[in-house]
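*Asks:* What follows is a single structure, and I will ask about it in a moment.
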Amino acid sequence: MTPRPRPLDAVRVGLLALGLLCVATGLLPVADAAASLARIGPLLLFLASVIVLARLARVAQLFDVLAVRMAIAGSGRYAALFVGCVAFASLTTAFLNLDTTAVLLTPVMLALAARCGIAALPLAMTTIWLANTASLLLPVSNLTNLLAADRVALTAPEFAARMWLPQLVALAATTAFLWAFYWRAGARGADSYVPPEPVRLAGRRERALCTVAAVACGGFIVAIPLVHDRIGLAALAAALVVVAAFAVLDRRPLRPGLVPWHLLAFVTGLFLVVPTLGRFGLGEVMTALVGTDPGAAGAFRAAAAGAGLSNLLNNLPAYAAGEAAVPPGNQTQLLALLVGTNAGPLVTPWASLATLIGLEACRDHGLRVPMRAFVLTGLGLAVVACAGGVGALLLTAGS
């Protein structure tokens, strides 16, 4: 499955070109550029590997099988379907990265809506919001988490020990907002749905590919707390297992387009452009916004700055710029910035790549997302999730 080019891809490649221009003109010294790229090298390996793994799992119909079984288990009851969709999107984001939820689970949910004859908007908003707010728990959940875990030298279990309560609060807020504004009877427009027929895997080859994909994804999830800073290698190993299975059983999906080249270009360009801007005043601006207070006031300030800048620009540059402004010893303040950049980019369509990709999928399926409701409900959720998440983070700091 090779994704077709999108207009957003030109922006991603353009950012890489701008970053290379910064290095070529001397605006960013070569040594600084090399240090920045060396830091994100393992992240790029992880990102490329986990998306290849997820894309081939989608081709193997693993996500479709799970989504349809979830809908069948709901037996036509919207409350049960709602719980299943929230759990599915949350677990996918937490263990297989928010980009997997945005790129692959959103289309699966929209297709599920068509199968069940139900409104697509509640399912779409579930994946768009949870791709952001469910990305706090583990380093693998979000690229920003990998950067933060590296900065404060936390292993996956240690990171989860600090972030489990903020994650729980963010999920509770998201669940409440989803039900109140998109899933309740008055919003969804129906009392029940017709459970779909099970996905039929046509033959032995299809069943084998789906089984291998499930084992590889499960193996990667089990490896997360064990591999420490080698998570990119674990993701690569899982991806290679599925690639090998497709090489033997069905080579057609194995194309260069499986690798998310445009996303890799965006991240690389970002980590050349942001350090350049930092040399010309961005650092001072972010320090003024974030402050240097290691206590509660500094944590709330960092989260607010991260969420605000995410919705103004994008959460990746917001985190990168904010991280540079947080003093090295302020672990709680840095993690609060993470709460803001992960749970806060819900207001503007460009606030995170996950939101952009999710909205692109909605357009591809002919689903119109009402922007006024999107902005207002997203603003309310961002305020509640960020404030509650930082409060919970302060509690884990003392545990």
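Ordered as shown in the structure tokens, chains take letters A, B, and onward, while each chain numbers its residues from 1 and ligands are numbered from 1 in the order shown.
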For Val326 (chain A), list every protein, DNA or RNA residue within 8 Å, evaluated using only C-alpha atoms, and leave out those in the same chain fewer than 4 positions away; present the list as a compact mmCIF listing (two decimals) with N, CA and C atoms, in the first residue's frame.

*Replies:*
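Output saved as out.txt:
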# COMPACT_ATOMS: atom_id res chain seq x y z
N THR A 287 12.16 31.40 26.57
CA THR A 287 12.50 31.52 27.99
C THR A 287 11.55 32.48 28.69
N VAL A 290 8.18 30.42 28.92
CA VAL A 290 8.21 29.23 29.76
C VAL A 290 8.68 29.54 31.18
N GLY A 291 9.66 30.44 31.30
CA GLY A 291 10.22 30.74 32.61
C GLY A 291 11.17 29.65 33.07
N THR A 292 11.70 29.82 34.26
CA THR A 292 12.68 28.85 34.78
C THR A 292 12.28 28.31 36.16
N GLY A 322 10.59 24.89 23.19
CA GLY A 322 10.38 24.93 24.63
C GLY A 322 11.42 24.15 25.39
N ASN A 330 15.19 20.90 35.54
CA ASN A 330 13.75 21.04 35.77
C ASN A 330 12.96 19.93 35.09
N GLN A 333 9.11 20.44 35.01
CA GLN A 333 8.73 21.50 34.08
C GLN A 333 8.81 21.00 32.64
N LEU A 334 9.83 20.21 32.33
CA LEU A 334 9.96 19.68 30.98
C LEU A 334 8.81 18.72 30.65

*Asks:* Provide the CA of Arg69 (chain A) to CA of Leu359 (chain A) distance in Å, to one decimal place.

*Replies:*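 The value is 25.1 Å.
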
*Asks:* So, counting only C-alpha atoms, which residue among A:Ile224, A:Ala297, A:Ala134, A:Leu316 is closest to Leu394 (chain A)?

*Replies:* A:Ala297

*Asks:* For Ala237 (chain A), find every residue with an atom within 12 Å (counting only C-alpha atoms), except residues of its own chain fewer than 3 positions away, and show them as a count of residues only.

*Replies:* 23
